[in-house]
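As provided, model-v6.tsv (TSV, C-alpha atoms and all ligand atoms) reads as follows.
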```
chain	number	residue	atom	x	y	z
A	1	MET	CA	-187.61	243.12	117.75
A	2	SER	CA	-186.48	241.82	114.38
A	3	ILE	CA	-185.63	238.35	113.10
A	4	ILE	CA	-183.62	238.65	109.89
A	5	LEU	CA	-182.20	236.01	107.57
A	6	GLY	CA	-178.92	237.18	106.01
A	7	ILE	CA	-177.43	235.75	102.82
A	8	GLU	CA	-173.85	236.44	101.64
A	9	THR	CA	-172.21	235.22	98.41
A	10	SER	CA	-170.01	238.16	97.35
A	11	CYS	CA	-166.71	236.28	97.15
A	12	ASP	CA	-165.72	232.74	98.10
A	13	GLU	CA	-167.91	231.93	101.10
A	14	THR	CA	-171.54	230.84	100.75
A	15	ALA	CA	-173.13	231.99	103.98
A	16	ALA	CA	-176.52	232.32	105.68
A	17	ALA	CA	-177.42	233.37	109.21
A	18	VAL	CA	-180.40	234.28	111.35
A	19	ILE	CA	-179.88	237.33	113.59
A	20	ILE	CA	-182.21	238.65	116.26
A	21	ASP	CA	-182.32	242.43	116.85
A	22	GLY	CA	-179.08	242.94	114.93
A	23	GLN	CA	-177.03	241.50	117.78
A	24	ARG	CA	-177.97	237.95	118.79
A	25	ILE	CA	-176.81	235.06	116.59
A	26	ALA	CA	-179.53	232.41	116.27
A	27	SER	CA	-177.53	230.62	113.56
A	28	ASN	CA	-174.45	231.31	111.43
A	29	VAL	CA	-173.54	228.91	108.61
A	30	VAL	CA	-170.47	229.47	106.39
A	31	ALA	CA	-169.50	227.10	103.57
A	32	SER	CA	-165.97	228.07	102.64
A	33	GLN	CA	-164.53	227.45	99.19
A	34	ILE	CA	-160.93	227.85	100.38
A	35	ASP	CA	-159.97	224.26	99.45
A	36	LEU	CA	-161.47	224.72	96.00
A	37	HIS	CA	-159.47	227.89	95.25
A	38	ALA	CA	-156.22	226.84	96.97
A	39	GLN	CA	-155.05	225.05	93.81
A	40	TYR	CA	-155.24	228.36	91.89
A	41	GLY	CA	-153.59	230.36	94.70
A	42	GLY	CA	-156.51	232.80	94.73
A	43	VAL	CA	-160.25	233.09	94.13
A	44	TYR	CA	-161.27	231.89	90.64
A	45	PRO	CA	-164.51	233.77	89.86
A	46	GLU	CA	-166.16	231.20	87.57
A	47	VAL	CA	-165.43	228.38	89.99
A	48	ALA	CA	-166.79	230.53	92.84
A	49	SER	CA	-170.16	231.18	91.13
A	50	ARG	CA	-170.68	227.50	90.38
A	51	ALA	CA	-169.83	226.52	93.95
A	52	HIS	CA	-172.33	229.13	95.27
A	53	VAL	CA	-175.08	227.64	93.07
A	54	GLU	CA	-174.47	224.23	94.62
A	55	ALA	CA	-174.13	225.41	98.21
A	56	ILE	CA	-176.75	228.17	98.57
A	57	ASP	CA	-179.88	226.07	99.14
A	58	PRO	CA	-178.40	223.66	101.74
A	59	VAL	CA	-176.64	226.55	103.51
A	60	VAL	CA	-179.85	228.62	103.87
A	61	ARG	CA	-181.83	225.56	104.98
A	62	GLN	CA	-179.15	224.77	107.57
A	63	ALA	CA	-179.30	228.33	108.92
A	64	LEU	CA	-183.08	228.06	109.40
A	65	THR	CA	-182.78	224.59	110.95
A	66	ASP	CA	-180.03	225.71	113.36
A	67	ALA	CA	-182.17	228.67	114.42
A	68	ALA	CA	-185.18	226.32	114.76
A	69	LEU	CA	-187.29	228.73	112.71
A	70	SER	CA	-189.47	228.43	109.65
A	71	ILE	CA	-189.48	231.14	106.98
A	72	ASP	CA	-192.82	232.55	108.14
A	73	ARG	CA	-191.21	233.58	111.46
A	74	LEU	CA	-188.77	235.91	109.68
A	75	ASP	CA	-189.34	239.68	109.55
A	76	ALA	CA	-187.08	240.22	106.53
A	77	ILE	CA	-184.55	238.68	104.17
A	78	ALA	CA	-181.24	240.55	103.67
A	79	VAL	CA	-178.72	239.82	100.94
A	80	THR	CA	-175.36	241.27	99.92
A	81	ARG	CA	-175.94	243.48	96.87
A	82	GLY	CA	-172.30	244.52	96.42
A	83	PRO	CA	-169.41	245.16	96.22
A	84	GLY	CA	-168.04	241.79	95.09
A	85	LEU	CA	-167.76	239.37	92.20
A	86	VAL	CA	-170.75	239.93	89.93
A	87	GLY	CA	-171.41	236.25	89.18
A	88	SER	CA	-171.17	235.30	92.85
A	89	LEU	CA	-173.36	238.19	94.03
A	90	LEU	CA	-176.05	237.23	91.49
A	91	VAL	CA	-176.40	233.74	92.95
A	92	GLY	CA	-177.24	235.09	96.42
A	93	ILE	CA	-179.44	237.89	95.10
A	94	SER	CA	-181.48	235.59	92.85
A	95	TYR	CA	-181.96	233.10	95.65
A	96	ALA	CA	-183.00	235.81	98.13
A	97	LYS	CA	-185.46	237.30	95.65
A	98	GLY	CA	-187.02	233.87	95.08
A	99	LEU	CA	-187.37	233.35	98.81
A	100	ALA	CA	-188.86	236.84	99.31
A	101	LEU	CA	-191.38	236.34	96.50
A	102	MET	CA	-192.38	232.92	97.75
A	103	SER	CA	-192.75	233.98	101.38
A	104	GLY	CA	-193.99	237.55	100.92
A	105	LYS	CA	-191.24	238.78	103.28
A	106	PRO	CA	-189.54	242.18	102.74
A	107	LEU	CA	-186.16	242.12	100.98
A	108	LEU	CA	-183.15	244.34	101.78
A	109	GLY	CA	-180.01	244.70	99.64
A	110	ILE	CA	-177.01	245.27	101.91
A	111	ASN	CA	-173.56	246.71	101.25
A	112	HIS	CA	-170.86	244.13	102.04
A	113	LEU	CA	-168.57	246.74	103.65
A	114	GLU	CA	-171.38	247.97	105.89
A	115	GLY	CA	-171.82	244.30	106.79
A	116	HIS	CA	-168.18	244.06	107.89
A	117	ILE	CA	-168.70	247.12	110.13
A	118	TYR	CA	-171.78	245.59	111.76
A	119	SER	CA	-169.87	242.43	112.66
A	120	LEU	CA	-168.75	244.64	115.61
A	121	TRP	CA	-172.33	244.76	116.88
A	122	LEU	CA	-172.33	240.95	117.19
A	123	THR	CA	-169.74	241.00	119.96
A	124	GLN	CA	-171.23	239.87	123.27
A	125	PRO	CA	-172.10	241.63	125.49
A	126	LEU	CA	-173.24	244.32	123.06
A	127	GLN	CA	-171.41	247.60	123.35
A	128	GLU	CA	-172.95	250.51	121.45
A	129	ALA	CA	-170.41	252.60	119.53
A	130	ASN	CA	-169.43	255.96	120.95
A	131	PHE	CA	-169.75	258.02	117.72
A	132	PRO	CA	-167.85	259.44	115.90
A	133	VAL	CA	-165.64	256.41	115.33
A	134	VAL	CA	-162.94	255.69	112.77
A	135	VAL	CA	-163.33	252.33	111.09
A	136	LEU	CA	-160.57	250.47	109.25
A	137	ILE	CA	-162.02	247.80	106.96
A	138	VAL	CA	-159.23	245.50	105.82
A	139	SER	CA	-160.06	242.42	103.77
A	140	GLY	CA	-159.02	240.49	100.69
A	141	GLY	CA	-160.80	242.96	98.42
A	142	HIS	CA	-160.80	246.21	100.43
A	143	THR	CA	-158.73	248.60	102.51
A	144	GLU	CA	-161.00	251.48	103.52
A	145	LEU	CA	-160.62	254.09	106.22
A	146	VAL	CA	-164.03	255.47	107.14
A	147	LEU	CA	-165.37	258.06	109.57
A	148	MET	CA	-168.70	256.90	110.98
A	149	ARG	CA	-170.76	259.61	112.67
A	150	GLY	CA	-173.85	257.47	113.37
A	151	HIS	CA	-175.64	254.38	112.14
A	152	GLY	CA	-175.53	254.46	108.34
A	153	VAL	CA	-173.52	257.71	108.11
A	154	TYR	CA	-170.15	257.17	106.45
A	155	GLU	CA	-167.43	259.49	105.20
A	156	ARG	CA	-164.58	257.87	103.30
A	157	LEU	CA	-161.24	259.22	104.52
A	158	GLY	CA	-158.99	257.08	102.33
A	159	GLY	CA	-158.25	253.67	101.02
A	160	THR	CA	-155.83	251.63	99.01
A	161	LEU	CA	-154.57	252.97	95.70
A	162	ASP	CA	-153.57	249.49	94.48
A	163	ASP	CA	-153.64	246.14	96.30
A	164	ALA	CA	-155.93	245.56	99.26
A	165	ALA	CA	-154.15	244.61	102.50
A	166	GLY	CA	-155.44	241.01	102.40
A	167	GLU	CA	-154.54	240.77	98.72
A	168	ALA	CA	-150.96	241.81	99.59
A	169	PHE	CA	-150.87	239.10	102.30
A	170	ASP	CA	-152.16	236.54	99.78
A	171	LYS	CA	-149.70	237.54	97.02
A	172	VAL	CA	-146.67	237.60	99.32
A	173	GLY	CA	-147.80	234.28	100.83
A	174	ARG	CA	-147.75	232.78	97.34
A	175	VAL	CA	-144.25	234.18	96.68
A	176	LEU	CA	-143.03	232.64	99.95
A	177	GLY	CA	-144.52	229.27	98.99
A	178	LEU	CA	-147.17	229.34	101.73
A	179	PRO	CA	-150.68	227.90	101.23
A	180	PHE	CA	-153.71	230.09	100.33
A	181	PRO	CA	-154.96	232.23	101.99
A	182	GLY	CA	-151.69	234.01	102.74
A	183	GLY	CA	-152.85	236.11	105.74
A	184	PRO	CA	-153.23	233.46	108.44
A	185	ASN	CA	-150.28	231.46	107.07
A	186	ILE	CA	-147.95	234.49	107.07
A	187	GLN	CA	-149.02	235.27	110.64
A	188	ARG	CA	-148.25	231.69	111.74
A	189	THR	CA	-144.91	231.56	109.88
A	190	ALA	CA	-143.88	235.00	111.16
A	191	GLU	CA	-144.00	233.79	114.77
A	192	ALA	CA	-140.64	232.05	114.22
A	193	GLY	CA	-139.07	235.00	112.35
A	194	GLN	CA	-137.33	238.32	113.06
A	195	ALA	CA	-139.41	241.35	112.07
A	196	ASP	CA	-136.27	243.49	111.61
A	197	ALA	CA	-134.44	240.99	109.38
A	198	TYR	CA	-135.47	242.97	106.27
A	199	GLN	CA	-136.16	246.71	106.13
A	200	PHE	CA	-139.17	246.75	103.82
A	201	PRO	CA	-140.69	250.14	102.88
A	202	ARG	CA	-143.48	251.49	105.10
A	203	ALA	CA	-145.33	252.69	101.99
A	204	LYS	CA	-146.87	256.14	101.50
A	205	ARG	CA	-145.66	258.10	104.48
A	206	ASP	CA	-147.61	261.22	103.53
A	207	GLN	CA	-150.41	263.34	104.96
A	208	SER	CA	-153.19	261.54	103.08
A	209	PHE	CA	-155.18	258.64	104.48
A	210	ASP	CA	-154.53	256.50	101.42
A	211	PHE	CA	-152.55	253.29	101.38
A	212	SER	CA	-150.34	251.67	98.77
A	213	PHE	CA	-148.99	248.15	99.09
A	214	SER	CA	-147.63	247.42	95.62
A	215	GLY	CA	-144.22	248.93	96.46
A	216	LEU	CA	-143.97	246.73	99.55
A	217	LYS	CA	-144.96	243.66	97.54
A	218	THR	CA	-142.34	244.45	94.88
A	219	ALA	CA	-139.67	245.01	97.56
A	220	VAL	CA	-140.38	241.58	99.06
A	221	LEU	CA	-140.25	240.00	95.61
A	222	ARG	CA	-136.93	241.70	94.81
A	223	GLU	CA	-135.38	240.79	98.15
A	224	VAL	CA	-136.31	237.12	98.41
A	225	THR	CA	-136.78	235.74	94.89
A	226	ARG	CA	-134.79	235.22	91.75
A	227	THR	CA	-135.94	234.39	88.26
A	228	SER	CA	-134.62	230.96	87.45
A	229	PRO	CA	-133.19	230.12	84.02
A	230	LYS	CA	-135.57	228.92	81.34
A	231	GLY	CA	-136.96	225.41	81.85
A	232	PRO	CA	-137.12	222.69	79.16
A	233	HIS	CA	-140.25	224.27	77.66
A	234	GLY	CA	-138.89	227.82	77.73
A	235	GLU	CA	-140.84	228.72	80.87
A	236	LYS	CA	-139.38	231.15	83.41
A	237	GLY	CA	-139.74	230.30	87.06
A	238	VAL	CA	-139.58	232.50	90.14
A	239	THR	CA	-137.88	230.72	93.02
A	240	LEU	CA	-136.73	231.76	96.48
A	241	LYS	CA	-133.10	232.85	96.69
A	242	GLU	CA	-130.86	230.45	98.55
A	243	GLY	CA	-130.49	231.18	102.23
A	244	VAL	CA	-133.72	233.19	102.49
A	245	SER	CA	-135.54	232.58	105.77
A	246	VAL	CA	-139.26	232.40	104.94
A	247	ALA	CA	-140.05	233.13	108.61
A	248	ASP	CA	-137.90	236.31	108.61
A	249	ALA	CA	-139.38	237.50	105.31
A	250	ALA	CA	-142.94	236.82	106.55
A	251	ALA	CA	-142.29	238.65	109.85
A	252	SER	CA	-140.64	241.65	108.16
A	253	PHE	CA	-143.40	241.95	105.56
A	254	GLN	CA	-146.15	241.69	108.19
A	255	ALA	CA	-144.44	244.36	110.33
A	256	ALA	CA	-144.17	246.79	107.40
A	257	LEU	CA	-147.80	246.35	106.35
A	258	VAL	CA	-149.13	246.62	109.91
A	259	ASP	CA	-147.02	249.77	110.54
A	260	ALA	CA	-148.65	251.47	107.56
A	261	LEU	CA	-152.18	250.47	108.62
A	262	VAL	CA	-151.68	251.53	112.23
A	263	GLU	CA	-149.99	254.87	111.49
A	264	LYS	CA	-152.76	256.14	109.17
A	265	THR	CA	-155.64	254.79	111.23
A	266	VAL	CA	-154.40	256.31	114.49
A	267	ARG	CA	-153.67	259.66	112.78
A	268	ALA	CA	-157.16	259.66	111.20
A	269	ALA	CA	-158.73	259.06	114.61
A	270	GLN	CA	-156.75	262.01	116.07
A	271	THR	CA	-157.53	264.29	113.13
A	272	TYR	CA	-161.29	263.67	113.32
A	273	ASP	CA	-161.57	263.53	117.13
A	274	ALA	CA	-162.88	259.98	117.07
A	275	ASN	CA	-163.88	258.38	120.36
A	276	GLU	CA	-163.05	254.85	119.25
A	277	ILE	CA	-161.29	252.85	116.55
A	278	LEU	CA	-163.08	249.88	115.03
A	279	LEU	CA	-161.35	247.20	112.94
A	280	ALA	CA	-163.25	244.86	110.63
A	281	GLY	CA	-162.68	242.43	107.73
A	282	GLY	CA	-160.48	239.36	107.27
A	283	VAL	CA	-157.18	241.11	108.05
A	284	SER	CA	-158.58	242.40	111.39
A	285	ALA	CA	-158.00	238.81	112.56
A	286	ASN	CA	-154.26	239.59	112.46
A	287	ALA	CA	-152.74	239.41	115.94
A	288	LEU	CA	-149.94	241.92	115.30
A	289	LEU	CA	-152.39	244.48	113.88
A	290	ARG	CA	-154.63	244.06	116.93
A	291	THR	CA	-151.90	244.48	119.55
A	292	GLN	CA	-149.99	247.22	117.75
A	293	ILE	CA	-153.02	249.43	117.19
A	294	LYS	CA	-154.09	248.97	120.83
A	295	ASN	CA	-150.61	249.93	122.02
A	296	THR	CA	-150.37	252.96	119.73
A	297	ALA	CA	-153.84	254.52	119.93
A	298	GLN	CA	-154.83	256.48	123.03
A	299	LEU	CA	-158.40	255.36	122.41
A	300	PRO	CA	-160.48	252.22	122.87
A	301	VAL	CA	-159.94	249.81	119.95
A	302	ARG	CA	-162.48	247.12	119.10
A	303	TYR	CA	-162.50	244.28	116.59
A	304	PRO	CA	-164.90	241.41	115.84
A	305	PRO	CA	-164.55	237.89	117.24
A	306	LEU	CA	-162.22	235.83	115.03
A	307	ASN	CA	-164.98	233.85	113.27
A	308	LEU	CA	-166.75	237.08	112.25
A	309	CYS	CA	-163.69	238.82	110.75
A	310	THR	CA	-163.83	236.90	107.49
A	311	ASP	CA	-166.93	236.84	105.29
A	312	ASN	CA	-170.16	235.66	106.88
A	313	ALA	CA	-173.90	236.36	106.66
A	314	ALA	CA	-174.41	237.23	110.33
A	315	MET	CA	-172.84	240.64	109.64
A	316	ILE	CA	-175.18	241.19	106.65
A	317	ALA	CA	-178.27	240.51	108.78
A	318	ALA	CA	-176.86	242.69	111.59
A	319	ALA	CA	-176.41	245.63	109.19
A	320	ALA	CA	-179.91	245.01	107.81
A	321	HIS	CA	-181.43	245.32	111.30
A	322	HIS	CA	-180.75	249.08	111.49
A	323	ARG	CA	-182.00	249.64	107.94
A	324	PHE	CA	-185.12	247.53	108.51
A	325	ALA	CA	-185.91	249.45	111.72
A	326	ALA	CA	-185.45	252.74	109.82
A	327	GLY	CA	-188.03	251.59	107.28
A	328	GLN	CA	-185.87	250.47	104.37
A	329	ARG	CA	-187.59	247.99	102.04
A	330	ASP	CA	-186.04	247.30	98.64
A	331	SER	CA	-187.83	246.54	95.40
A	332	ILE	CA	-187.73	242.90	94.41
A	333	ALA	CA	-186.31	244.13	91.08
A	334	PHE	CA	-183.12	245.68	92.51
A	335	ASP	CA	-179.93	245.12	90.54
A	336	VAL	CA	-176.47	243.93	91.55
A	337	LEU	CA	-173.91	246.67	92.43
A	338	PRO	CA	-170.43	245.08	92.01
A	339	THR	CA	-168.55	248.31	92.88
A	340	TRP	CA	-170.91	249.92	95.41
A	341	PRO	CA	-168.98	252.47	97.57
A	342	LEU	CA	-169.84	252.69	101.26
A	343	SER	CA	-169.82	256.49	101.19
A	344	ARG	CA	-172.85	256.59	98.86
A	345	LEU	CA	-175.07	254.67	101.25
A	346	SER	CA	-176.89	257.44	103.04
A	347	HIS	CA	-176.41	260.91	104.39
A	348	ALA	CA	-179.07	260.78	107.03
A	349	PRO	CA	-178.55	258.76	110.20
A	350	LEU	CA	-180.50	255.54	110.62
A	351	ASP	CA	-181.89	256.19	114.07
A	352	ALA	CA	-182.78	252.76	115.22
B	1	LIG	O1	-163.12	239.65	104.70
B	1	LIG	P1	-162.59	238.49	103.93
B	1	LIG	O2	-163.06	237.11	104.30
B	1	LIG	O3	-162.88	238.61	102.41
B	1	LIG	C1	-163.07	239.77	101.67
B	1	LIG	O4	-164.15	240.43	101.82
B	1	LIG	O5	-162.15	240.08	100.90
B	1	LIG	O6	-160.99	238.58	104.04
B	1	LIG	C2	-160.14	237.60	103.52
B	1	LIG	C3	-158.71	238.10	103.64
B	1	LIG	C4	-157.68	237.23	102.92
B	1	LIG	O7	-156.90	238.06	102.09
B	1	LIG	C5	-156.86	236.65	104.06
B	1	LIG	O8	-155.50	236.42	103.70
B	1	LIG	C6	-156.97	237.71	105.12
B	1	LIG	O9	-158.32	238.15	105.01
B	1	LIG	N1	-156.73	237.21	106.48
B	1	LIG	C7	-155.66	237.60	107.24
B	1	LIG	C8	-155.74	236.85	108.45
B	1	LIG	N2	-156.85	236.04	108.38
B	1	LIG	C9	-157.43	236.28	107.17
B	1	LIG	N3	-154.68	238.48	107.01
B	1	LIG	C10	-153.74	238.65	107.97
B	1	LIG	N4	-153.72	237.96	109.14
B	1	LIG	C11	-154.70	237.07	109.43
B	1	LIG	N5	-154.68	236.39	110.59
B	2	ZN	ZN	-165.47	240.68	103.05
```

Turn the structure described in the file into structure tokens.
Amino acid sequence: MSIILGIETSCDETAAAVIIDGQRIASNVVASQIDLHAQYGGVYPEVASRAHVEAIDPVVRQALTDAALSIDRLDAIAVTRGPGLVGSLLVGISYAKGLALMSGKPLLGINHLEGHIYSLWLTQPLQEANFPVVVLIVSGGHTELVLMRGHGVYERLGGTLDDAAGEAFDKVGRVLGLPFPGGPNIQRTAEAGQADAYQFPRAKRDQSFDFSFSGLKTAVLREVTRTSPKGPHGEKGVTLKEGVSVADAAASFQAALVDALVEKTVRAAQTYDANEILLAGGVSANALLRTQIKNTAQLPVRYPPLNLCTDNAAMIAAAAHHRFAAGQRDSIAFDVLPTWPLSRLSHAPLDA
């Protein structure tokens, strides 16, 4: 039995959660900064760090209150160590270290991508994975295709060579004049559009398991926008061409991006004889991705509940459960790892 407090501040959500045995949610608090960053059309790192500083203490207190637990009941404190924005990560890490020092509780530094994977273990009722599984992690910062042979054993099969899938959604959303974040707004807008209105490229049809979305993004830009003449102050503006249907463009873009994700993920699962496909990360909330991969793969496909697709601390505490049970305890002096790859985590299974 383990009771773990998770803390997550790697990007634009300040989050804390208490998780029992890596699977039961005693509390899950997420303070989103979406409104704060919407005016910039993306995450503004300096603004994010400052907002984390303000939110972290009330968010952690709320998580403990919701779980009706005091700190002395915890077995460990887990915090995202990377990858992510360095200034944002440091806020969570410093806070977690302070809490660990004060309470004498063990501290664990957790990889954010491993956290996304373990959001799958928070689905009720719990279903243990039938290893080996192929995992597609698709978020605002990452597009990673991973072969998972056991708890804590990861082999990177491929990933994006340029924009992350969520980043492509966000950039195209901005071009189409939709609010930030682009992903959910493109999905909503696409419902009224024709996915075959534009033939956008299905990017990188090759034998690798890598993705590339910059060509797709450029194709959308070329098809639907024009550069308007110079304004009174010499500024150039990019505006939508007349007659462009935002719904058609959104639906056609979404279809192209989802096709690329599904094709490579399903082929990776076949190539490596996977028993299951797992989806995780913000873009795994996408309804078209979910249905299309289920219809294409001849294997069980699982994804997290909608509220656990985007960043949260429940997934960080869930990942920490397996590491805590396997004996991992990190030094209070550990440093931040802003570009920490999942494949370097461990080579021995965490048999918990
Ligand atoms: O996992 P996450 O919260 O943050 C990172 O770790 O990056 O993912 C956020 C990303 C954003 O790019 C957002 O546009 C995308 O997830 N997203 C979606 C949907 N919901 C969120 N993309 C496509 N369809 C959705 N329904
Ligand atoms: Zn994330």

Handout entry: Distance query Ala31 of chain A at most 7 Å, all atoms listed in the file, self and fewer than 3 positions along chain excluded, as a list in words
Key = Glu13, Thr14 and Ala15 of chain A

Exercise for the section: Using only C-alpha atoms and all ligand atoms, determine which residues fall within 9 Å of ligand ZN 2 (chain B), then list them as number ranges by chain. Expected result: A: 10-11, 84, 112-113, 115-116, 137-142, 280-282, 309-312

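Take atom CA of Val224 of chain A and atom CA of Lys241 of chain A: the distance between them is 5.6 Å.
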
Around all the atoms of ligand LIG 1 (chain B) listed in the file, with 3 Å of room on each side, what axis-aligned box do you get, giving centre and edge lengths in Å to one decimal, as JSON?
```
{"center_x": -158.9, "center_y": 238.2, "center_z": 105.7, "size_x": 16.4, "size_y": 10.4, "size_z": 15.7}
```

Handout entry: For Asp21 of chain A, the nearest of the candidates A:Ile332, A:Ala319, A:Val262, A:Ala48, counting all atoms listed in the file
Key = A:Ala319

Completion exercise
One decimal place gives the atom CA of Ile110 of chain A-atom CA of His52 of chain A separation as 18.1 Å

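With all atoms listed in the file as the atoms that count, the minimum distance from Gly183 of chain A to the choices A:Val18, A:Leu74, A:Ala251, A:Val146 is reached by A:Ala251.
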
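Of the listed residues (A:Ile186, A:Ala320, A:Leu342, A:Ala247), A:Ile186 comes nearest to ligand LIG 1 (chain B); the distances count all atoms listed in the file.
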
Which neighbours of Leu90 of chain A fall inside 7 Å, counting only C-alpha atoms, when residues of the same chain fewer than 4 positions from it are skipped, and could you give them as a compact mmCIF listing (two decimals) with C-alpha atoms, in the frame of the given file?
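For reference, selection.txt as written:
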```txt
# COMPACT_ATOMS: atom_id res chain seq x y z
CA VAL A 86 -170.75 239.93 89.93
CA SER A 94 -181.48 235.59 92.85
CA VAL A 336 -176.47 243.93 91.55
```

Exercise for the section: Select, counting all atoms listed in the file, all protein, DNA and RNA residues no farther than 9 Å from (-151.5, 244.0, 102.3) in file coordinates, and express the selection as a PyMOL selection string. Expected result: chain A and resi 138-140+143+163-172+183+212-214+216-217+253-254+257-258+283

Those residues you just picked out, can you put them in a file as a compact mmCIF listing (two decimals), keeping the file's coordinate frame with C-alpha atoms?
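Once everything was written out, this is selection-v2.txt:
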```
# COMPACT_ATOMS: atom_id res chain seq x y z
CA VAL A 138 -159.23 245.50 105.82
CA SER A 139 -160.06 242.42 103.77
CA GLY A 140 -159.02 240.49 100.69
CA THR A 143 -158.73 248.60 102.51
CA ASP A 163 -153.64 246.14 96.30
CA ALA A 164 -155.93 245.56 99.26
CA ALA A 165 -154.15 244.61 102.50
CA GLY A 166 -155.44 241.01 102.40
CA GLU A 167 -154.54 240.77 98.72
CA ALA A 168 -150.96 241.81 99.59
CA PHE A 169 -150.87 239.10 102.30
CA ASP A 170 -152.16 236.54 99.78
CA LYS A 171 -149.70 237.54 97.02
CA VAL A 172 -146.67 237.60 99.32
CA GLY A 183 -152.85 236.11 105.74
CA SER A 212 -150.34 251.67 98.77
CA PHE A 213 -148.99 248.15 99.09
CA SER A 214 -147.63 247.42 95.62
CA LEU A 216 -143.97 246.73 99.55
CA LYS A 217 -144.96 243.66 97.54
CA PHE A 253 -143.40 241.95 105.56
CA GLN A 254 -146.15 241.69 108.19
CA LEU A 257 -147.80 246.35 106.35
CA VAL A 258 -149.13 246.62 109.91
CA VAL A 283 -157.18 241.11 108.05
```

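Going from atom CA of Phe209 of chain A over to atom CA of Arg149 of chain A, you cover 17.6 Å.
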
Handout entry: Residue contacts of Val53 of chain A (8 Å, all atoms listed in the file) excluding same-chain residues fewer than 4 positions away, as number ranges by chain
Key = A: 49, 57, 91

Written-out segment 93-107 of chain A (N, CA and C atoms) as a PDB file, in the first residue's frame:
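Final file, result19.pdb:
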```pdb
ATOM      1  N   ILE A  93       9.768  21.525  -8.206  1.00  0.00           N
ATOM      2  CA  ILE A  93      10.861  20.780  -7.572  1.00  0.00           C
ATOM      3  C   ILE A  93      11.260  21.433  -6.243  1.00  0.00           C
ATOM      4  N   SER A  94      11.402  22.755  -6.252  1.00  0.00           N
ATOM      5  CA  SER A  94      11.806  23.450  -5.018  1.00  0.00           C
ATOM      6  C   SER A  94      10.760  23.255  -3.930  1.00  0.00           C
ATOM      7  N   TYR A  95       9.501  23.359  -4.330  1.00  0.00           N
ATOM      8  CA  TYR A  95       8.422  23.206  -3.349  1.00  0.00           C
ATOM      9  C   TYR A  95       8.429  21.785  -2.780  1.00  0.00           C
ATOM     10  N   ALA A  96       8.576  20.799  -3.663  1.00  0.00           N
ATOM     11  CA  ALA A  96       8.561  19.396  -3.218  1.00  0.00           C
ATOM     12  C   ALA A  96       9.746  19.103  -2.306  1.00  0.00           C
ATOM     13  N   LYS A  97      10.895  19.657  -2.638  1.00  0.00           N
ATOM     14  CA  LYS A  97      12.072  19.444  -1.774  1.00  0.00           C
ATOM     15  C   LYS A  97      11.833  20.040  -0.390  1.00  0.00           C
ATOM     16  N   GLY A  98      11.263  21.237  -0.356  1.00  0.00           N
ATOM     17  CA  GLY A  98      10.957  21.884   0.931  1.00  0.00           C
ATOM     18  C   GLY A  98      10.028  21.017   1.756  1.00  0.00           C
ATOM     19  N   LEU A  99       9.011  20.496   1.118  1.00  0.00           N
ATOM     20  CA  LEU A  99       8.018  19.665   1.805  1.00  0.00           C
ATOM     21  C   LEU A  99       8.666  18.376   2.315  1.00  0.00           C
ATOM     22  N   ALA A 100       9.549  17.786   1.487  1.00  0.00           N
ATOM     23  CA  ALA A 100      10.215  16.532   1.863  1.00  0.00           C
ATOM     24  C   ALA A 100      11.163  16.766   3.045  1.00  0.00           C
ATOM     25  N   LEU A 101      11.890  17.878   3.017  1.00  0.00           N
ATOM     26  CA  LEU A 101      12.809  18.193   4.110  1.00  0.00           C
ATOM     27  C   LEU A 101      12.055  18.401   5.410  1.00  0.00           C
ATOM     28  N   MET A 102      10.968  19.169   5.287  1.00  0.00           N
ATOM     29  CA  MET A 102      10.181  19.526   6.463  1.00  0.00           C
ATOM     30  C   MET A 102       9.523  18.294   7.088  1.00  0.00           C
ATOM     31  N   SER A 103       9.042  17.389   6.229  1.00  0.00           N
ATOM     32  CA  SER A 103       8.265  16.254   6.731  1.00  0.00           C
ATOM     33  C   SER A 103       9.097  14.994   6.935  1.00  0.00           C
ATOM     34  N   GLY A 104      10.308  14.976   6.354  1.00  0.00           N
ATOM     35  CA  GLY A 104      11.138  13.769   6.438  1.00  0.00           C
ATOM     36  C   GLY A 104      10.662  12.663   5.502  1.00  0.00           C
ATOM     37  N   LYS A 105       9.758  12.958   4.582  1.00  0.00           N
ATOM     38  CA  LYS A 105       9.235  11.945   3.660  1.00  0.00           C
ATOM     39  C   LYS A 105      10.179  11.754   2.473  1.00  0.00           C
ATOM     40  N   PRO A 106      10.257  10.526   1.920  1.00  0.00           N
ATOM     41  CA  PRO A 106      11.095  10.304   0.730  1.00  0.00           C
ATOM     42  C   PRO A 106      10.595  11.106  -0.472  1.00  0.00           C
ATOM     43  N   LEU A 107      11.550  11.488  -1.335  1.00  0.00           N
ATOM     44  CA  LEU A 107      11.251  12.305  -2.506  1.00  0.00           C
ATOM     45  C   LEU A 107      11.594  11.517  -3.763  1.00  0.00           C
TER      46      LEU A 107
END
```
